[in-house]
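First comes the structure, then the notes that go with it.
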Amino acid sequence: MSPPLFFGLFSQSVWSWAVWLCLLYVLVKAGKLYLRRRQLLKAYSPFEGPKRHWLFGNAHEFHGDGKDLDVILRYAEQYPYAYPLWLGNFFASLTICHPDYAKAILSRQDPKDNFGYYFITPWIGKGLLVLSGQKWFQHRRLLTPGFHYDVLKPYVKLMSDCVTVMLDKWERLVPKDNPVELFHHVSLMTLDTIMKCAFSYQSNCQMDSESAYIKAVYDLSYLVDFRFVCLPYHNDLIFYLSPHGFRFRRALRVAHEHTGKVIKERKQSLKEDIELEKIQKKRHLDFLDILLCAKDENGQGLSDEDLQAEVDTFMFEGHDTTASGISWILYCLAKYPEHQEKCREEIREVLEKRRTVEWEDLSKLPYTSMCIKESMRLYPPVPGVARELKEPITFCDGRRLPKGTDVLISIYAINRCSSVWENPEVFDPLRFSPENTSNRHSHAFLPFSAGGRNCIGQNFAMNEMKVAIALTLQRFELHTVPGKEPLTQPQLVLRSVNGIYLNLKKIDCDKMKKI
């Protein structure tokens with residue numbers, strides 16, 4: 001046989017085998033998807049839900065136009081307690097919209113679901129947010145001392161300083177008579193706060209938002225959200241070959257290099273002062289000090305990889321979520337001026353002419369605290385949390401879910417559940433007065449989740465919100481902008497499709513004296 005003929009036959013044989021292997025792969029993949037669909041249909045069969053499209057499932061009903069949460073609420077009214085939502089025909093999650101069901105889930109130790117948190121893991125690593133099991137328990141125990149009130153107390157002054165920088169910027173914008181888009185400014189302020197409080201790092205990010213690290217954090221936040229809503233980007237190969245994927249990896253490298261440098265420098269400075277007591281004599285402890293010095297009962301601390309993950313996790317959780325909360329709270333106070341004025345009166349009585357909030361002031365703002373909670377009820381910074389069941393569960397009405405199924409606790413829907421909240425769309429801070437709170441379902445209000453996996457930084461976040469609201473209302477009147485009502489968009493945190501715009505009016509000295 002001549003060589004050309006031999007190689008031609010060999011080439012045809014290789015191609016034939018390649019085609020057969022591709023067909024086999026497709027058949028195996030199709031078979032797995034078919035079995036997966038059957039499993040899901042069986043798992044969610046006890047629960048009625050909205051009609052599914054033959055190809056898109058329920059995904060085609062969500063357009064990212066500011067009305068997605070209205071769809072969730074409409075179905076919550078139609079299917080009390082819970083209903084399945086389908087993304088295509090091969091992925092589904094049970095959406096929980098009643099506190100009885102939420103309590104059943106959150107009283108357990110189920111891990112976060114892989115799908116919901118998969119896209120953010122390259123950034124924040126396997127820290128407290130995504131860990132489960134024994135490793136989560138170890139990290140939680142080691143990190144808890146970092147949120148003791150003795151550690152949080154000095155942060156209030158730093159928070160005040162960061163808020164003041166933001167308000168000074170706003171004062172320069174007010175004479176221009178243009179509405180201010182809150183989220184951008186508040187996000188820079190919360191980023192500044194977290195870096196100063198948690199890592200004693202002077203970032204100057206509010207005045208220099210063009211720094212490489214600040215831009216990297218902004219890019220990562222945006223790209224994680226964008227990937228979540230862009231279905232083709234759910235595939236790793238498609239995403240990483242795309243321009244967005246290249247941008248994501250570049251930002252990831254900058255962010256990790258920065259946090260790695262911060263950790264390395266702090267480790268070096270702590271070499272001679274290993275014990276926390278010695279460090280505390282020189283300055284107040286921050287979150288990073290406690291992370292570096294934490295040891296379990298076996299004398300085991302966090303590895304370098306674990307340290308990096310917890311620092312990046314805290315940067316994300318303490319920045320974006322709090323920025324969302326503060327922005328929506330200010331919007332609510334602008335929308336309901338009578339409550340804004342009551343808060344301002346209370347704040348003036350406590351602060352008088354001081355421009356800095358102190359630790360002791362935080363407990364003296366009950367009405368402001370109620371307004372903050374009512375705003376977070378209507379606009380929860382984290383609109384939902386997801387779990388993957390590691391064991392079967394039977395709910396209070398007898399319906400069951402098997403092991404391995406996914407559930408999404410819709411905090412947004414629970415907060416507006418008409419069977420739990422009277423007139424749920426009405427802004428009424430008195431819902432959170434002591435007499436009303438005592439009779440409420442324990443899982444009707446979940447701004448920081450609940451159970452063993454509740455938010456470890458909730459006191460830090462609440463303190464920062466109180467400081468921001470108090471100092472803002474002391475200096476500005478807030479007014480909504482006609483024709484620019486924000487449209488909610490559920491992403492990793494609750495955002496607005498079209499921004500959150502307010503008109504700000506500086507309060508003059510004469511008015512301050514009258515108040």
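As shown in the structure tokens, the chain order sets the letters A, B, ...; within each chain, residues go from 1, and ligands are also counted from 1 in the order they appear.
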Segment 302-401 of chain A: residues DSSP assigns to alpha helix (DSSP H), reported as a ChimeraX atom specification: /A:304-317,320-335,337-351,366-378
Enumerate as an mmCIF file with C-alpha atoms, in the first residue's frame all residues of segment 425-488 of chain A assigned to strand (DSSP E or B) by DSSP on the backbone, naming them with the chain letters and numbers the document uses.
data_model
loop_
_atom_site.group_PDB
_atom_site.id
_atom_site.type_symbol
_atom_site.label_atom_id
_atom_site.label_comp_id
_atom_site.auth_asym_id
_atom_site.auth_seq_id
_atom_site.Cartn_x
_atom_site.Cartn_y
_atom_site.Cartn_z
ATOM 1 C CA PRO A 447 -32.075 40.888 56.968
ATOM 2 C CA SER A 449 -30.430 35.449 57.751
ATOM 3 C CA PHE A 476 -29.092 67.258 54.529
ATOM 4 C CA GLU A 477 -32.776 67.135 53.714
ATOM 5 C CA LEU A 478 -33.470 64.260 51.335
ATOM 6 C CA HIS A 479 -35.991 64.502 48.494
ATOM 7 C CA THR A 480 -36.951 62.034 45.793
ATOM 8 C CA THR A 488 -35.203 47.038 41.984
#
Near-Ser324 of chain A list (8 Å; only C-alpha atoms; drop same-chain fewer than 4 positions) as a ChimeraX atom specification: /A:183,187,320,328,381,493-495
Residue nearest Leu333 of chain A among A:Leu285, A:Ala470, A:Ala294, A:Val350 (counting only C-alpha atoms):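 When distances to Leu333 of chain A are compared using only C-alpha atoms, the smallest one comes from A:Ala470.
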Surrounding residues of Tyr240 of chain A excluding itself and chain neighbours under 6 positions, 12 Å, only C-alpha atoms, as a list in words: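 Result of the neighbour search: Phe119, Leu223, Arg227, Pro232, Tyr233, His234, Phe246, Arg247, Phe248, Arg249 and Arg250 of chain A.
Distances to Thr193 of chain A were evaluated for A:Gln458, A:Ser327, A:Thr322, A:Ser132 using only C-alpha atoms, and the minimum falls at A:Thr322.
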Separation of atom CA of Gly146 of chain A from atom CA of Asp192 of chain A in Å: 18.6 Å
Hey, which bits of segment 121-169 of chain A sit within 6 Å of segment 295-309 of chain A, and for each residue what's the closest pair of atoms and how far apart in Å (one decimal), counting only C-alpha atoms, rows by chain and increasing number, as a Markdown table?
| residue | atom | partner | partner_atom | distance |
| --- | --- | --- | --- | --- |
| A:Ile124 | CA | A:Ala309 | CA | 5.3 |
| A:Gly125 | CA | A:Ala309 | CA | 4.6 |
| A:Lys126 | CA | A:Ala309 | CA | 5.8 |
| A:Gly127 | CA | A:Ala309 | CA | 4.9 |
Residue neighbourhood Met462 of chain A, 10 Å, only C-alpha atoms, exclusion window fewer than 6 positions, as a ChimeraX atom specification: /A:322,325-326,362,369,372-373,468
Write the residues of the preceding selection, restricted to C-alpha atoms, as a PDB file, in the first residue's frame.
ATOM      1  CA  THR A 322     -23.936  47.607  53.522  1.00  0.00           C
ATOM      2  CA  GLY A 325     -28.695  48.849  52.747  1.00  0.00           C
ATOM      3  CA  ILE A 326     -27.687  52.485  53.326  1.00  0.00           C
ATOM      4  CA  LEU A 362     -26.006  54.189  68.946  1.00  0.00           C
ATOM      5  CA  SER A 369     -33.271  52.182  64.237  1.00  0.00           C
ATOM      6  CA  ILE A 372     -33.636  51.424  59.288  1.00  0.00           C
ATOM      7  CA  LYS A 373     -35.284  48.049  59.934  1.00  0.00           C
ATOM      8  CA  ALA A 468     -24.359  56.976  58.080  1.00  0.00           C
TER       9      ALA A 468
END
Contacts of Thr164 of chain A at 10 Å (only C-alpha atoms; same-chain gap of 4+ positions) as an NGL selection string: :A and (158-160 or 168-170 or 189 or 355-356 or 468 or 471-472)
Take the residues that were just selected and, keeping N, CA, C and O atoms, output them as a compact mmCIF listing (two decimals), in the first residue's frame.
# COMPACT_ATOMS: atom_id res chain seq x y z
N LEU A 158 -14.09 55.72 63.29
CA LEU A 158 -13.61 55.56 61.92
C LEU A 158 -14.77 55.63 60.93
O LEU A 158 -14.64 56.23 59.85
N MET A 159 -15.90 55.02 61.29
CA MET A 159 -17.08 55.09 60.43
C MET A 159 -17.52 56.53 60.25
O MET A 159 -17.85 56.97 59.13
N SER A 160 -17.55 57.29 61.33
CA SER A 160 -17.94 58.70 61.28
C SER A 160 -17.03 59.48 60.34
O SER A 160 -17.48 60.31 59.54
N ASP A 168 -19.01 65.62 52.81
CA ASP A 168 -18.28 66.81 52.31
C ASP A 168 -18.30 66.84 50.79
O ASP A 168 -18.44 67.91 50.17
N LYS A 169 -18.17 65.68 50.16
CA LYS A 169 -18.27 65.61 48.69
C LYS A 169 -19.66 66.04 48.24
O LYS A 169 -19.81 66.76 47.26
N TRP A 170 -20.68 65.58 48.96
CA TRP A 170 -22.06 65.94 48.61
C TRP A 170 -22.30 67.45 48.75
O TRP A 170 -23.04 68.03 47.96
N MET A 189 -17.79 54.83 50.13
CA MET A 189 -17.70 55.10 51.56
C MET A 189 -17.61 53.80 52.36
O MET A 189 -16.79 53.66 53.28
N ARG A 355 -20.37 66.53 65.18
CA ARG A 355 -20.36 65.98 63.82
C ARG A 355 -19.79 64.56 63.79
O ARG A 355 -19.46 64.05 62.72
N THR A 356 -19.64 63.96 64.95
CA THR A 356 -19.13 62.59 65.05
C THR A 356 -20.04 61.77 65.95
O THR A 356 -20.43 62.24 67.02
N ALA A 468 -24.15 56.33 59.38
CA ALA A 468 -24.36 56.98 58.08
C ALA A 468 -25.67 57.75 58.04
O ALA A 468 -25.71 58.89 57.55
N LEU A 471 -25.52 61.01 60.54
CA LEU A 471 -24.72 62.13 60.06
C LEU A 471 -25.29 62.74 58.78
O LEU A 471 -25.18 63.95 58.55
N THR A 472 -25.91 61.90 57.95
CA THR A 472 -26.52 62.42 56.71
C THR A 472 -27.72 63.30 57.02
O THR A 472 -27.84 64.42 56.49
